[in-house]
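Text of upload-v5.pdb, listed as PDB, C-alpha atoms and all ligand atoms:
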```pdb
ATOM      1  CA  MET A 406      23.673 -15.975 -26.558
ATOM      2  CA  ASN A 407      20.724 -18.338 -26.880
ATOM      3  CA  LYS A 408      17.554 -17.278 -25.051
ATOM      4  CA  ASP A 409      16.389 -20.879 -24.647
ATOM      5  CA  LEU A 410      17.894 -24.285 -23.975
ATOM      6  CA  ILE A 411      16.007 -26.660 -26.240
ATOM      7  CA  ASP A 412      18.967 -28.752 -27.433
ATOM      8  CA  LEU A 413      22.730 -28.638 -26.987
ATOM      9  CA  LEU A 414      23.830 -28.540 -30.643
ATOM     10  CA  PRO A 415      22.490 -25.013 -31.328
ATOM     11  CA  TRP A 416      24.415 -23.729 -28.317
ATOM     12  CA  GLY A 417      27.726 -24.933 -29.749
ATOM     13  CA  GLU A 418      30.947 -26.116 -28.155
ATOM     14  CA  GLN A 419      32.034 -22.929 -26.398
ATOM     15  CA  ALA A 420      28.704 -22.298 -24.636
ATOM     16  CA  VAL A 421      28.329 -25.927 -23.592
ATOM     17  CA  LEU A 422      31.864 -26.042 -22.158
ATOM     18  CA  GLU A 423      31.173 -22.805 -20.252
ATOM     19  CA  LEU A 424      27.958 -24.301 -18.932
ATOM     20  CA  ILE A 425      29.762 -27.403 -17.650
ATOM     21  CA  GLU A 426      32.432 -25.235 -15.994
ATOM     22  CA  ASP A 427      29.802 -23.081 -14.376
ATOM     23  CA  ALA A 428      27.984 -26.152 -13.057
ATOM     24  CA  ALA A 429      31.206 -27.097 -11.241
ATOM     25  CA  ALA A 430      31.594 -23.511 -10.005
ATOM     26  CA  GLN A 431      28.030 -23.511  -8.669
ATOM     27  CA  LYS A 432      28.760 -26.730  -6.794
ATOM     28  CA  ARG A 433      31.908 -25.243  -5.203
ATOM     29  CA  LEU A 434      30.018 -22.076  -4.313
ATOM     30  CA  LEU A 435      27.257 -23.992  -2.560
ATOM     31  CA  LYS A 436      29.701 -26.195  -0.661
ATOM     32  CA  THR A 437      31.923 -23.306   0.472
ATOM     33  CA  ARG A 438      29.487 -20.427   0.992
ATOM     34  CA  GLY A 439      26.001 -21.951   0.985
ATOM     35  CA  PRO A 440      22.942 -20.442  -0.702
ATOM     36  CA  ASP A 441      23.104 -16.971  -2.281
ATOM     37  CA  THR A 442      20.724 -14.327  -3.625
ATOM     38  CA  GLU A 443      21.743 -14.102  -7.284
ATOM     39  CA  PHE A 444      18.192 -14.921  -8.452
ATOM     40  CA  ALA A 445      16.422 -12.593  -5.992
ATOM     41  CA  GLY A 446      13.089 -11.529  -7.460
ATOM     42  CA  ARG A 447      13.233 -14.144 -10.254
ATOM     43  CA  THR A 448      10.430 -16.651 -10.702
ATOM     44  CA  ALA A 449      10.545 -19.940 -12.595
ATOM     45  CA  ALA A 450       7.469 -21.932 -13.541
ATOM     46  CA  LEU A 451       7.611 -25.652 -14.212
ATOM     47  CA  TYR A 452       5.187 -26.986 -16.798
ATOM     48  CA  PHE A 453       5.427 -30.804 -16.586
ATOM     49  CA  GLU A 454       3.214 -33.146 -18.611
ATOM     50  CA  LYS A 455       5.177 -36.203 -17.422
ATOM     51  CA  PRO A 456       6.264 -37.410 -13.975
ATOM     52  CA  SER A 457       9.577 -36.281 -12.513
ATOM     53  CA  LEU A 458      11.600 -36.541  -9.323
ATOM     54  CA  ARG A 459      15.086 -35.233 -10.094
ATOM     55  CA  THR A 460      14.336 -32.557 -12.662
ATOM     56  CA  ARG A 461      11.461 -31.037 -10.763
ATOM     57  CA  VAL A 462      13.191 -31.050  -7.368
ATOM     58  CA  THR A 463      16.514 -29.751  -8.688
ATOM     59  CA  PHE A 464      14.968 -26.845 -10.607
ATOM     60  CA  GLU A 465      12.890 -25.876  -7.570
ATOM     61  CA  VAL A 466      15.809 -26.187  -5.159
ATOM     62  CA  ALA A 467      18.129 -24.378  -7.590
ATOM     63  CA  MET A 468      15.795 -21.386  -7.726
ATOM     64  CA  ASN A 469      15.307 -21.376  -3.948
ATOM     65  CA  GLN A 470      19.004 -21.759  -3.086
ATOM     66  CA  LYS A 471      19.772 -18.726  -5.241
ATOM     67  CA  GLY A 472      17.116 -16.533  -3.692
ATOM     68  CA  GLY A 473      14.416 -16.872  -6.368
ATOM     69  CA  SER A 474      11.208 -18.848  -6.371
ATOM     70  CA  ALA A 475       9.653 -21.640  -8.388
ATOM     71  CA  LEU A 476       6.099 -22.752  -8.916
ATOM     72  CA  MET A 477       4.645 -25.850 -10.460
ATOM     73  CA  LEU A 478       2.012 -25.399 -13.153
ATOM     74  CA  ASP A 479      -0.710 -28.008 -13.379
ATOM     75  CA  ALA A 480      -0.511 -29.095 -17.013
ATOM     76  CA  GLY A 481      -4.037 -30.522 -16.889
ATOM     77  CA  THR A 482      -5.572 -27.335 -15.533
ATOM     78  CA  ILE A 483      -3.929 -25.003 -18.032
ATOM     79  CA  GLY A 484      -5.030 -27.113 -20.971
ATOM     80  CA  ILE A 485      -2.774 -25.682 -23.653
ATOM     81  CA  GLY A 486      -4.658 -25.693 -26.953
ATOM     82  CA  LYS A 487      -7.876 -26.730 -25.206
ATOM     83  CA  ARG A 488      -8.778 -23.976 -22.779
ATOM     84  CA  GLU A 489      -6.654 -21.388 -24.554
ATOM     85  CA  SER A 490      -4.279 -21.284 -27.524
ATOM     86  CA  LEU A 491      -0.563 -21.946 -27.074
ATOM     87  CA  GLU A 492       0.155 -18.413 -28.229
ATOM     88  CA  ASP A 493      -2.105 -16.852 -25.603
ATOM     89  CA  VAL A 494      -0.665 -19.051 -22.869
ATOM     90  CA  ALA A 495       2.829 -17.872 -23.850
ATOM     91  CA  ARG A 496       1.709 -14.229 -23.939
ATOM     92  CA  ASN A 497       0.356 -14.523 -20.398
ATOM     93  CA  LEU A 498       3.266 -16.428 -18.858
ATOM     94  CA  GLU A 499       5.878 -14.011 -20.181
ATOM     95  CA  ARG A 500       4.218 -11.162 -18.235
ATOM     96  CA  TRP A 501       4.779 -12.821 -14.841
ATOM     97  CA  LEU A 502       7.721 -15.167 -15.112
ATOM     98  CA  ASP A 503      11.461 -15.057 -15.726
ATOM     99  CA  VAL A 504      11.811 -18.590 -17.114
ATOM    100  CA  LEU A 505       9.592 -21.473 -18.147
ATOM    101  CA  VAL A 506      10.892 -25.011 -17.595
ATOM    102  CA  CYS A 507       8.982 -27.553 -19.700
ATOM    103  CA  ARG A 508       8.712 -31.328 -19.704
ATOM    104  CA  THR A 509       6.428 -32.357 -22.546
ATOM    105  CA  PHE A 510       5.727 -35.251 -24.862
ATOM    106  CA  SER A 511       5.978 -33.086 -27.961
ATOM    107  CA  HIS A 512       9.344 -31.530 -28.736
ATOM    108  CA  LYS A 513       7.609 -29.135 -31.118
ATOM    109  CA  LEU A 514       5.538 -27.759 -28.244
ATOM    110  CA  VAL A 515       8.667 -26.651 -26.383
ATOM    111  CA  GLU A 516      10.122 -25.184 -29.577
ATOM    112  CA  GLU A 517       6.881 -23.299 -30.163
ATOM    113  CA  LEU A 518       6.742 -21.981 -26.596
ATOM    114  CA  ALA A 519      10.321 -20.765 -26.960
ATOM    115  CA  ARG A 520       9.445 -19.020 -30.227
ATOM    116  CA  LEU A 521       6.277 -17.429 -28.881
ATOM    117  CA  ALA A 522       7.365 -16.353 -25.379
ATOM    118  CA  LYS A 523       9.798 -13.528 -24.707
ATOM    119  CA  ILE A 524      11.056 -15.303 -21.572
ATOM    120  CA  PRO A 525      13.607 -18.144 -21.726
ATOM    121  CA  VAL A 526      12.280 -21.672 -22.159
ATOM    122  CA  ILE A 527      14.246 -24.695 -20.902
ATOM    123  CA  ASN A 528      13.677 -28.219 -22.178
ATOM    124  CA  ALA A 529      13.342 -30.429 -19.089
ATOM    125  CA  LEU A 530      12.855 -33.544 -21.296
ATOM    126  CA  THR A 531      10.739 -34.181 -24.344
ATOM    127  CA  ASP A 532      10.196 -37.335 -26.368
ATOM    128  CA  VAL A 533      13.201 -36.208 -28.421
ATOM    129  CA  SER A 534      15.865 -34.927 -26.027
ATOM    130  CA  HIS A 535      17.001 -34.219 -22.460
ATOM    131  CA  PRO A 536      19.813 -31.634 -22.601
ATOM    132  CA  CYS A 537      19.943 -30.824 -18.854
ATOM    133  CA  GLN A 538      20.717 -34.474 -18.105
ATOM    134  CA  ALA A 539      23.674 -34.401 -20.500
ATOM    135  CA  ILE A 540      25.164 -31.363 -18.729
ATOM    136  CA  ALA A 541      24.971 -33.128 -15.360
ATOM    137  CA  PHE A 542      26.621 -36.202 -16.911
ATOM    138  CA  ALA A 543      29.435 -34.029 -18.292
ATOM    139  CA  GLN A 544      30.045 -32.478 -14.894
ATOM    140  CA  THR A 545      30.134 -35.940 -13.292
ATOM    141  CA  ALA A 546      32.436 -37.374 -15.953
ATOM    142  CA  ILE A 547      34.922 -34.540 -15.399
ATOM    143  CA  GLU A 548      34.833 -35.103 -11.639
ATOM    144  CA  HIS A 549      35.801 -38.732 -12.164
ATOM    145  CA  ARG A 550      38.014 -38.472 -15.250
ATOM    146  CA  THR A 551      39.339 -34.852 -15.275
ATOM    147  CA  LYS A 552      38.332 -33.998 -18.849
ATOM    148  CA  LEU A 553      35.819 -35.039 -21.511
ATOM    149  CA  ASP A 554      38.029 -34.729 -24.582
ATOM    150  CA  GLY A 555      39.037 -38.214 -25.741
ATOM    151  CA  LEU A 556      36.718 -40.138 -23.392
ATOM    152  CA  THR A 557      34.450 -42.868 -24.736
ATOM    153  CA  LEU A 558      30.809 -42.981 -23.727
ATOM    154  CA  ALA A 559      28.815 -46.134 -24.461
ATOM    155  CA  PHE A 560      25.061 -45.685 -24.100
ATOM    156  CA  VAL A 561      23.498 -49.100 -23.616
ATOM    157  CA  GLY A 562      19.815 -49.383 -24.462
ATOM    158  CA  ASP A 563      17.212 -47.520 -26.451
ATOM    159  CA  GLY A 564      18.221 -44.780 -28.934
ATOM    160  CA  ASN A 565      16.034 -42.381 -26.971
ATOM    161  CA  ASN A 566      15.881 -38.778 -25.735
ATOM    162  CA  VAL A 567      18.742 -39.208 -23.249
ATOM    163  CA  ALA A 568      20.917 -41.020 -25.808
ATOM    164  CA  ARG A 569      20.388 -38.200 -28.270
ATOM    165  CA  SER A 570      21.387 -35.419 -25.865
ATOM    166  CA  LEU A 571      24.432 -37.400 -24.750
ATOM    167  CA  ALA A 572      25.431 -37.884 -28.397
ATOM    168  CA  GLU A 573      25.108 -34.116 -28.890
ATOM    169  CA  LEU A 574      27.247 -33.502 -25.822
ATOM    170  CA  ALA A 575      29.865 -35.962 -27.060
ATOM    171  CA  ALA A 576      29.895 -34.410 -30.546
ATOM    172  CA  LEU A 577      30.537 -30.952 -29.087
ATOM    173  CA  THR A 578      33.128 -31.915 -26.480
ATOM    174  CA  GLY A 579      35.435 -34.343 -28.310
ATOM    175  CA  MET A 580      34.178 -37.604 -26.854
ATOM    176  CA  ASN A 581      33.688 -40.868 -28.729
ATOM    177  CA  PHE A 582      30.101 -42.097 -28.593
ATOM    178  CA  THR A 583      28.700 -45.580 -29.113
ATOM    179  CA  LEU A 584      25.094 -46.649 -28.879
ATOM    180  CA  ALA A 585      24.680 -50.344 -28.057
ATOM    181  CA  CYS A 586      21.084 -51.234 -28.843
ATOM    182  CA  PRO A 587      18.922 -53.949 -30.376
ATOM    183  CA  SER A 588      18.428 -53.698 -34.113
ATOM    184  CA  GLY A 589      15.686 -51.173 -34.891
ATOM    185  CA  PHE A 590      16.287 -49.021 -31.798
ATOM    186  CA  GLU A 591      19.124 -46.875 -33.162
ATOM    187  CA  LEU A 592      19.091 -43.078 -33.198
ATOM    188  CA  PRO A 593      17.226 -41.669 -36.218
ATOM    189  CA  SER A 594      19.277 -41.496 -39.412
ATOM    190  CA  ASP A 595      18.722 -37.750 -39.967
ATOM    191  CA  PHE A 596      20.181 -37.094 -36.519
ATOM    192  CA  VAL A 597      23.123 -39.397 -37.235
ATOM    193  CA  SER A 598      23.873 -37.529 -40.474
ATOM    194  CA  GLN A 599      23.810 -34.291 -38.517
ATOM    195  CA  VAL A 600      26.255 -35.341 -35.776
ATOM    196  CA  GLN A 601      28.581 -37.678 -37.654
ATOM    197  CA  PRO A 602      30.544 -34.827 -39.312
ATOM    198  CA  LEU A 603      31.013 -33.130 -35.940
ATOM    199  CA  PHE A 604      32.675 -36.276 -34.586
ATOM    200  CA  SER A 605      34.800 -36.708 -37.726
ATOM    201  CA  ARG A 606      35.977 -33.100 -37.596
ATOM    202  CA  LYS A 607      37.427 -33.712 -34.136
ATOM    203  CA  GLY A 608      38.880 -37.111 -35.084
ATOM    204  CA  ARG A 609      36.366 -38.844 -32.822
ATOM    205  CA  ARG A 610      34.106 -41.831 -33.426
ATOM    206  CA  PHE A 611      30.317 -42.100 -33.518
ATOM    207  CA  SER A 612      29.002 -45.626 -33.861
ATOM    208  CA  GLN A 613      25.942 -47.772 -33.265
ATOM    209  CA  SER A 614      26.174 -51.490 -32.662
ATOM    210  CA  ASN A 615      23.838 -54.387 -31.966
ATOM    211  CA  ASP A 616      26.610 -56.279 -30.160
ATOM    212  CA  PRO A 617      26.618 -55.060 -26.534
ATOM    213  CA  LYS A 618      29.927 -56.591 -25.413
ATOM    214  CA  ALA A 619      31.869 -55.393 -28.440
ATOM    215  CA  ALA A 620      30.264 -51.944 -28.182
ATOM    216  CA  VAL A 621      31.264 -51.331 -24.562
ATOM    217  CA  SER A 622      34.801 -52.719 -24.813
ATOM    218  CA  GLY A 623      37.253 -50.008 -23.722
ATOM    219  CA  ALA A 624      34.542 -47.461 -22.831
ATOM    220  CA  ASP A 625      35.145 -45.012 -19.992
ATOM    221  CA  PHE A 626      31.440 -44.793 -19.159
ATOM    222  CA  LEU A 627      28.526 -47.161 -19.653
ATOM    223  CA  TYR A 628      25.286 -45.187 -19.592
ATOM    224  CA  GLY A 629      21.944 -46.816 -18.803
ATOM    225  CA  ASP A 630      18.345 -45.717 -19.106
ATOM    226  CA  VAL A 631      14.964 -47.411 -18.959
ATOM    227  CA  TRP A 632      14.069 -49.554 -21.964
ATOM    228  CA  VAL A 633      10.605 -48.018 -22.113
ATOM    229  CA  SER A 634      10.439 -44.242 -21.834
ATOM    230  CA  MET A 635       7.551 -42.270 -20.353
ATOM    231  CA  GLY A 636       4.648 -42.324 -22.759
ATOM    232  CA  GLN A 637       5.695 -45.631 -24.379
ATOM    233  CA  GLU A 638       4.368 -47.922 -21.636
ATOM    234  CA  GLY A 639       2.317 -49.883 -24.182
ATOM    235  CA  GLN A 640       5.549 -51.150 -25.783
ATOM    236  CA  LYS A 641       6.903 -52.730 -22.562
ATOM    237  CA  ASP A 642       6.237 -56.395 -23.341
ATOM    238  CA  ALA A 643       7.257 -56.127 -26.982
ATOM    239  CA  LYS A 644      10.561 -54.510 -26.040
ATOM    240  CA  ALA A 645      11.638 -56.672 -23.080
ATOM    241  CA  SER A 646      12.972 -59.654 -25.044
ATOM    242  CA  HIS A 647      14.938 -57.442 -27.484
ATOM    243  CA  PHE A 648      16.607 -55.512 -24.698
ATOM    244  CA  GLN A 649      17.524 -58.340 -22.293
ATOM    245  CA  PRO A 650      21.019 -58.842 -23.843
ATOM    246  CA  PHE A 651      21.616 -55.114 -23.285
ATOM    247  CA  GLN A 652      21.289 -55.277 -19.499
ATOM    248  CA  ILE A 653      24.141 -53.534 -17.671
ATOM    249  CA  ASN A 654      25.307 -56.348 -15.377
ATOM    250  CA  ALA A 655      28.580 -57.717 -14.023
ATOM    251  CA  SER A 656      29.301 -59.592 -17.236
ATOM    252  CA  LEU A 657      28.832 -56.503 -19.446
ATOM    253  CA  LEU A 658      30.901 -54.405 -17.058
ATOM    254  CA  ASP A 659      33.636 -57.029 -17.250
ATOM    255  CA  ALA A 660      33.511 -56.874 -21.051
ATOM    256  CA  ALA A 661      33.953 -53.096 -20.845
ATOM    257  CA  GLY A 662      37.217 -53.356 -18.887
ATOM    258  CA  SER A 663      38.482 -52.230 -15.497
ATOM    259  CA  GLN A 664      38.583 -48.541 -16.504
ATOM    260  CA  ALA A 665      34.807 -48.366 -17.020
ATOM    261  CA  LEU A 666      32.445 -46.453 -14.744
ATOM    262  CA  VAL A 667      28.672 -46.799 -14.881
ATOM    263  CA  THR A 668      25.966 -44.209 -14.738
ATOM    264  CA  HIS A 669      22.241 -43.926 -15.361
ATOM    265  CA  CYS A 670      19.958 -40.920 -15.697
ATOM    266  CA  LEU A 671      17.492 -42.500 -13.225
ATOM    267  CA  PRO A 672      14.834 -43.592 -12.474
ATOM    268  CA  ALA A 673      16.314 -47.082 -12.827
ATOM    269  CA  HIS A 674      14.282 -50.213 -13.243
ATOM    270  CA  ARG A 675      16.588 -52.415 -11.215
ATOM    271  CA  GLY A 676      16.731 -55.953 -12.525
ATOM    272  CA  GLU A 677      15.775 -54.802 -16.020
ATOM    273  CA  GLU A 678      18.277 -52.454 -17.708
ATOM    274  CA  ILE A 679      20.701 -52.518 -14.757
ATOM    275  CA  THR A 680      21.343 -55.003 -11.956
ATOM    276  CA  ASP A 681      21.481 -54.154  -8.248
ATOM    277  CA  ASP A 682      25.087 -55.301  -7.878
ATOM    278  CA  VAL A 683      26.261 -52.890 -10.583
ATOM    279  CA  MET A 684      24.109 -49.994  -9.471
ATOM    280  CA  ASP A 685      25.175 -50.349  -5.842
ATOM    281  CA  GLY A 686      28.750 -51.338  -6.716
ATOM    282  CA  PRO A 687      32.005 -49.369  -6.690
ATOM    283  CA  LYS A 688      31.904 -48.443 -10.385
ATOM    284  CA  ALA A 689      28.541 -46.660 -10.295
ATOM    285  CA  VAL A 690      28.358 -42.865 -10.240
ATOM    286  CA  CYS A 691      24.586 -42.557 -10.848
ATOM    287  CA  PHE A 692      23.865 -40.683  -7.640
ATOM    288  CA  ASP A 693      26.787 -38.302  -8.182
ATOM    289  CA  GLU A 694      25.136 -37.454 -11.495
ATOM    290  CA  ALA A 695      21.766 -37.052  -9.776
ATOM    291  CA  GLU A 696      23.346 -34.626  -7.292
ATOM    292  CA  ASN A 697      24.923 -32.692 -10.121
ATOM    293  CA  ARG A 698      21.524 -32.094 -11.704
ATOM    294  CA  LEU A 699      21.112 -29.374  -9.050
ATOM    295  CA  HIS A 700      24.336 -27.572  -9.918
ATOM    296  CA  ALA A 701      23.833 -28.001 -13.661
ATOM    297  CA  GLN A 702      20.323 -26.501 -13.458
ATOM    298  CA  LYS A 703      21.791 -23.438 -11.751
ATOM    299  CA  ALA A 704      24.313 -23.043 -14.582
ATOM    300  CA  VAL A 705      21.559 -23.337 -17.199
ATOM    301  CA  LEU A 706      19.364 -20.816 -15.382
ATOM    302  CA  ARG A 707      22.262 -18.375 -14.992
ATOM    303  CA  ARG A 708      23.049 -18.583 -18.674
ATOM    304  CA  VAL A 709      19.504 -17.947 -19.926
ATOM    305  CA  PHE A 710      19.052 -15.187 -17.360
ATOM    306  CA  ARG A 711      22.247 -13.546 -18.630
ATOM    307  CA  ALA A 712      21.117 -13.961 -22.232
ATOM    308  CA  THR A 713      17.917 -12.053 -21.496
ATOM    309  CA  GLY A 714      19.400  -9.314 -19.285
ATOM    310  CA  ARG A 715      18.056 -10.802 -16.065
ATOM    311  CA  LEU A 716      21.509 -11.115 -14.505
TER     312      LEU A 716
HETATM  313  N1  LIG B   1      16.664 -38.144 -14.867
HETATM  314  C1  LIG B   1      15.524 -37.445 -14.738
HETATM  315  O1  LIG B   1      15.208 -36.548 -15.539
HETATM  316  O2  LIG B   1      14.763 -37.806 -13.670
HETATM  317  P1  LIG B   1      13.250 -37.397 -13.433
HETATM  318  O3  LIG B   1      12.436 -38.003 -14.538
HETATM  319  O4  LIG B   1      12.908 -37.930 -12.085
HETATM  320  O5  LIG B   1      13.161 -35.875 -13.487
HETATM  321  N1  LIG B   2      14.208 -41.976 -21.398
HETATM  322  C1  LIG B   2      13.547 -41.754 -20.125
HETATM  323  C2  LIG B   2      14.303 -40.776 -19.312
HETATM  324  C3  LIG B   2      13.737 -40.462 -17.954
HETATM  325  C4  LIG B   2      14.509 -39.408 -17.221
HETATM  326  C5  LIG B   2      12.129 -41.284 -20.370
HETATM  327  O1  LIG B   2      11.929 -40.449 -21.264
HETATM  328  O2  LIG B   2      11.226 -41.743 -19.683
END
```
As structure tokens:
Amino acid sequence: MNKDLIDLLPWGEQAVLELIEDAAAQKRLLKTRGPDTEFAGRTAALYFEKPSLRTRVTFEVAMNQKGGSALMLDAGTIGIGKRESLEDVARNLERWLDVLVCRTFSHKLVEELARLAKIPVINALTDVSHPCQAIAFAQTAIEHRTKLDGLTLAFVGDGNNVARSLAELAALTGMNFTLACPSGFELPSDFVSQVQPLFSRKGRRFSQSNDPKAAVSGADFLYGDVWVSMGQEGQKDAKASHFQPFQINASLLDAAGSQALVTHCLPAHRGEEITDDVMDGPKAVCFDEAENRLHAQKAVLRRVFRATGRL
């Protein structure tokens, strides 16, 4: 069992499917029996270099609802690599904590923390990937469509961290995946070479297209995200004109077909990558996915706690 959740691919199909099932089980448990004490005595720390609403709140609430506790580390105060080396920070944190949840710019930093610390490390979003979001999407997709195998997910927008984790999820679970993006904003070619064979092996399709309407046609889910990710604010003006044709609006939804549902990792920039009428309309499941972040975080925590003998 993997000690850390940095990305979905290294976990493999079986573990990811178990995680998604457990997320649903955690939701049922909460709704039928309420909070429990499975994490009694366990402490999570959240090290966040970037803003967050959903990820921070759901990890904190997940720990609390299961009888553990969570604390927020002030990234500025700790000063990794400035006040103290990364290695020494890791060697301190592992003495007090049961899990470290990290949201950083650098993906390497999270990988390094995972390598250096004996406690589990969970990637709560880096510039490269956002695996916890993909688990919550999977849970939501199953709630609305029964199973993932054979579904088609069309990510509309930037080939970013969320797109990458969703592509990993799709590769592992037998979904077709399409990225509809402006030319030059595709997923990196080394990543594509890594996942393409996984899709082919299952008889599924991975594609990237610069034609939004053609790309979404027949999709079960359209997935939106901001055009400019955290840390890239300087690119806002340069990107806007490229991305305008990739707005998720009534016309794009119509091109997708009546079967299509819409989701978004949130926060949404309404009026940019998604319109109000779509986001507040009957096809949107964004807030179901946001709710499921809570249950998915519990499943992730349970798994890394089990992997390290904490459960
Ligand atoms: N989707 C998501 O990760 O939201 P936050 O940035 O608010 O945590
Ligand atoms: N791609 C976005 C996701 C936010 C949850 C970002 O990195 O800012």
Within-12 Å residues of ligand LIG 1 (chain B), basis all atoms listed in the file, as a CSV table (one decimal) with C-alpha atoms, in the frame of the given file:
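Wrote it out as result07.csv, contents follow:
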```csv
chain,number,residue,atom,x,y,z
A,451,LEU,CA,7.6,-25.7,-14.2
A,453,PHE,CA,5.4,-30.8,-16.6
A,454,GLU,CA,3.2,-33.1,-18.6
A,455,LYS,CA,5.2,-36.2,-17.4
A,456,PRO,CA,6.3,-37.4,-14.0
A,457,SER,CA,9.6,-36.3,-12.5
A,458,LEU,CA,11.6,-36.5,-9.3
A,459,ARG,CA,15.1,-35.2,-10.1
A,460,THR,CA,14.3,-32.6,-12.7
A,461,ARG,CA,11.5,-31.0,-10.8
A,462,VAL,CA,13.2,-31.0,-7.4
A,463,THR,CA,16.5,-29.8,-8.7
A,464,PHE,CA,15.0,-26.8,-10.6
A,465,GLU,CA,12.9,-25.9,-7.6
A,506,VAL,CA,10.9,-25.0,-17.6
A,507,CYS,CA,9.0,-27.6,-19.7
A,508,ARG,CA,8.7,-31.3,-19.7
A,509,THR,CA,6.4,-32.4,-22.5
A,528,ASN,CA,13.7,-28.2,-22.2
A,529,ALA,CA,13.3,-30.4,-19.1
A,530,LEU,CA,12.9,-33.5,-21.3
A,531,THR,CA,10.7,-34.2,-24.3
A,532,ASP,CA,10.2,-37.3,-26.4
A,534,SER,CA,15.9,-34.9,-26.0
A,535,HIS,CA,17.0,-34.2,-22.5
A,536,PRO,CA,19.8,-31.6,-22.6
A,537,CYS,CA,19.9,-30.8,-18.9
A,538,GLN,CA,20.7,-34.5,-18.1
A,539,ALA,CA,23.7,-34.4,-20.5
A,540,ILE,CA,25.2,-31.4,-18.7
A,541,ALA,CA,25.0,-33.1,-15.4
A,542,PHE,CA,26.6,-36.2,-16.9
A,566,ASN,CA,15.9,-38.8,-25.7
A,567,VAL,CA,18.7,-39.2,-23.2
A,629,GLY,CA,21.9,-46.8,-18.8
A,630,ASP,CA,18.3,-45.7,-19.1
A,631,VAL,CA,15.0,-47.4,-19.0
A,634,SER,CA,10.4,-44.2,-21.8
A,635,MET,CA,7.6,-42.3,-20.4
A,668,THR,CA,26.0,-44.2,-14.7
A,669,HIS,CA,22.2,-43.9,-15.4
A,670,CYS,CA,20.0,-40.9,-15.7
A,671,LEU,CA,17.5,-42.5,-13.2
A,672,PRO,CA,14.8,-43.6,-12.5
A,673,ALA,CA,16.3,-47.1,-12.8
A,691,CYS,CA,24.6,-42.6,-10.8
A,692,PHE,CA,23.9,-40.7,-7.6
A,694,GLU,CA,25.1,-37.5,-11.5
A,695,ALA,CA,21.8,-37.1,-9.8
A,696,GLU,CA,23.3,-34.6,-7.3
A,697,ASN,CA,24.9,-32.7,-10.1
A,698,ARG,CA,21.5,-32.1,-11.7
A,699,LEU,CA,21.1,-29.4,-9.0
A,702,GLN,CA,20.3,-26.5,-13.5
```
>> If the PyMOL selection byres (((chain A and resi 432) around 12) and not hetatm) were run on this exact file, what residues would it hold? Put them as a PyMOL selection string.
In response: chain A and resi 425-431+433-440+467+470+541+544-545+548+693+696-704
Only C-alpha atoms, please: the residues just picked out, written as an mmCIF file, keeping the file's coordinate frame.
```cif
data_model
loop_
_atom_site.group_PDB
_atom_site.id
_atom_site.type_symbol
_atom_site.label_atom_id
_atom_site.label_comp_id
_atom_site.auth_asym_id
_atom_site.auth_seq_id
_atom_site.Cartn_x
_atom_site.Cartn_y
_atom_site.Cartn_z
ATOM 1 C CA ILE A 425 29.762 -27.403 -17.650
ATOM 2 C CA GLU A 426 32.432 -25.235 -15.994
ATOM 3 C CA ASP A 427 29.802 -23.081 -14.376
ATOM 4 C CA ALA A 428 27.984 -26.152 -13.057
ATOM 5 C CA ALA A 429 31.206 -27.097 -11.241
ATOM 6 C CA ALA A 430 31.594 -23.511 -10.005
ATOM 7 C CA GLN A 431 28.030 -23.511 -8.669
ATOM 8 C CA ARG A 433 31.908 -25.243 -5.203
ATOM 9 C CA LEU A 434 30.018 -22.076 -4.313
ATOM 10 C CA LEU A 435 27.257 -23.992 -2.560
ATOM 11 C CA LYS A 436 29.701 -26.195 -0.661
ATOM 12 C CA THR A 437 31.923 -23.306 0.472
ATOM 13 C CA ARG A 438 29.487 -20.427 0.992
ATOM 14 C CA GLY A 439 26.001 -21.951 0.985
ATOM 15 C CA PRO A 440 22.942 -20.442 -0.702
ATOM 16 C CA ALA A 467 18.129 -24.378 -7.590
ATOM 17 C CA GLN A 470 19.004 -21.759 -3.086
ATOM 18 C CA ALA A 541 24.971 -33.128 -15.360
ATOM 19 C CA GLN A 544 30.045 -32.478 -14.894
ATOM 20 C CA THR A 545 30.134 -35.940 -13.292
ATOM 21 C CA GLU A 548 34.833 -35.103 -11.639
ATOM 22 C CA ASP A 693 26.787 -38.302 -8.182
ATOM 23 C CA GLU A 696 23.346 -34.626 -7.292
ATOM 24 C CA ASN A 697 24.923 -32.692 -10.121
ATOM 25 C CA ARG A 698 21.524 -32.094 -11.704
ATOM 26 C CA LEU A 699 21.112 -29.374 -9.050
ATOM 27 C CA HIS A 700 24.336 -27.572 -9.918
ATOM 28 C CA ALA A 701 23.833 -28.001 -13.661
ATOM 29 C CA GLN A 702 20.323 -26.501 -13.458
ATOM 30 C CA LYS A 703 21.791 -23.438 -11.751
ATOM 31 C CA ALA A 704 24.313 -23.043 -14.582
#
```
>> If I take CA of Glu591 in chain A and CA of Ala620 in chain A, how far is one from the other in Å, to one decimal?
In response: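 So the two atoms, CA of Glu591 in chain A and CA of Ala620 in chain A, lie 13.2 Å apart.
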> With distances taken over all atoms listed in the file, which of A:Asp642, A:Asp595, A:Glu573, A:Glu678 is nearest to Trp416 in chain A?
Replying inline: A:Glu573
> Got a sec to resolve the PyMOL selection byres (((chain A and resi 663) around 12) and not hetatm) on this structure and send the residues as an NGL selection string?
Replying inline: :A and (621-627 or 655-662 or 664-667 or 687-688)
Once the PyMOL selection byres (((chain A and resi 410) around 7) and not hetatm) has been applied to the shown file, what residues remain in the selection, as a PDB file with C-alpha atoms, in the coordinates of the input?
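And here is the file that came out, expr03.pdb:
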```pdb
ATOM      1  CA  ASP A 409      16.389 -20.879 -24.647  1.00  0.00           C
ATOM      2  CA  ILE A 411      16.007 -26.660 -26.240  1.00  0.00           C
ATOM      3  CA  ASP A 412      18.967 -28.752 -27.433  1.00  0.00           C
ATOM      4  CA  VAL A 526      12.280 -21.672 -22.159  1.00  0.00           C
ATOM      5  CA  ILE A 527      14.246 -24.695 -20.902  1.00  0.00           C
ATOM      6  CA  ASN A 528      13.677 -28.219 -22.178  1.00  0.00           C
TER       7      ASN A 528
END
```
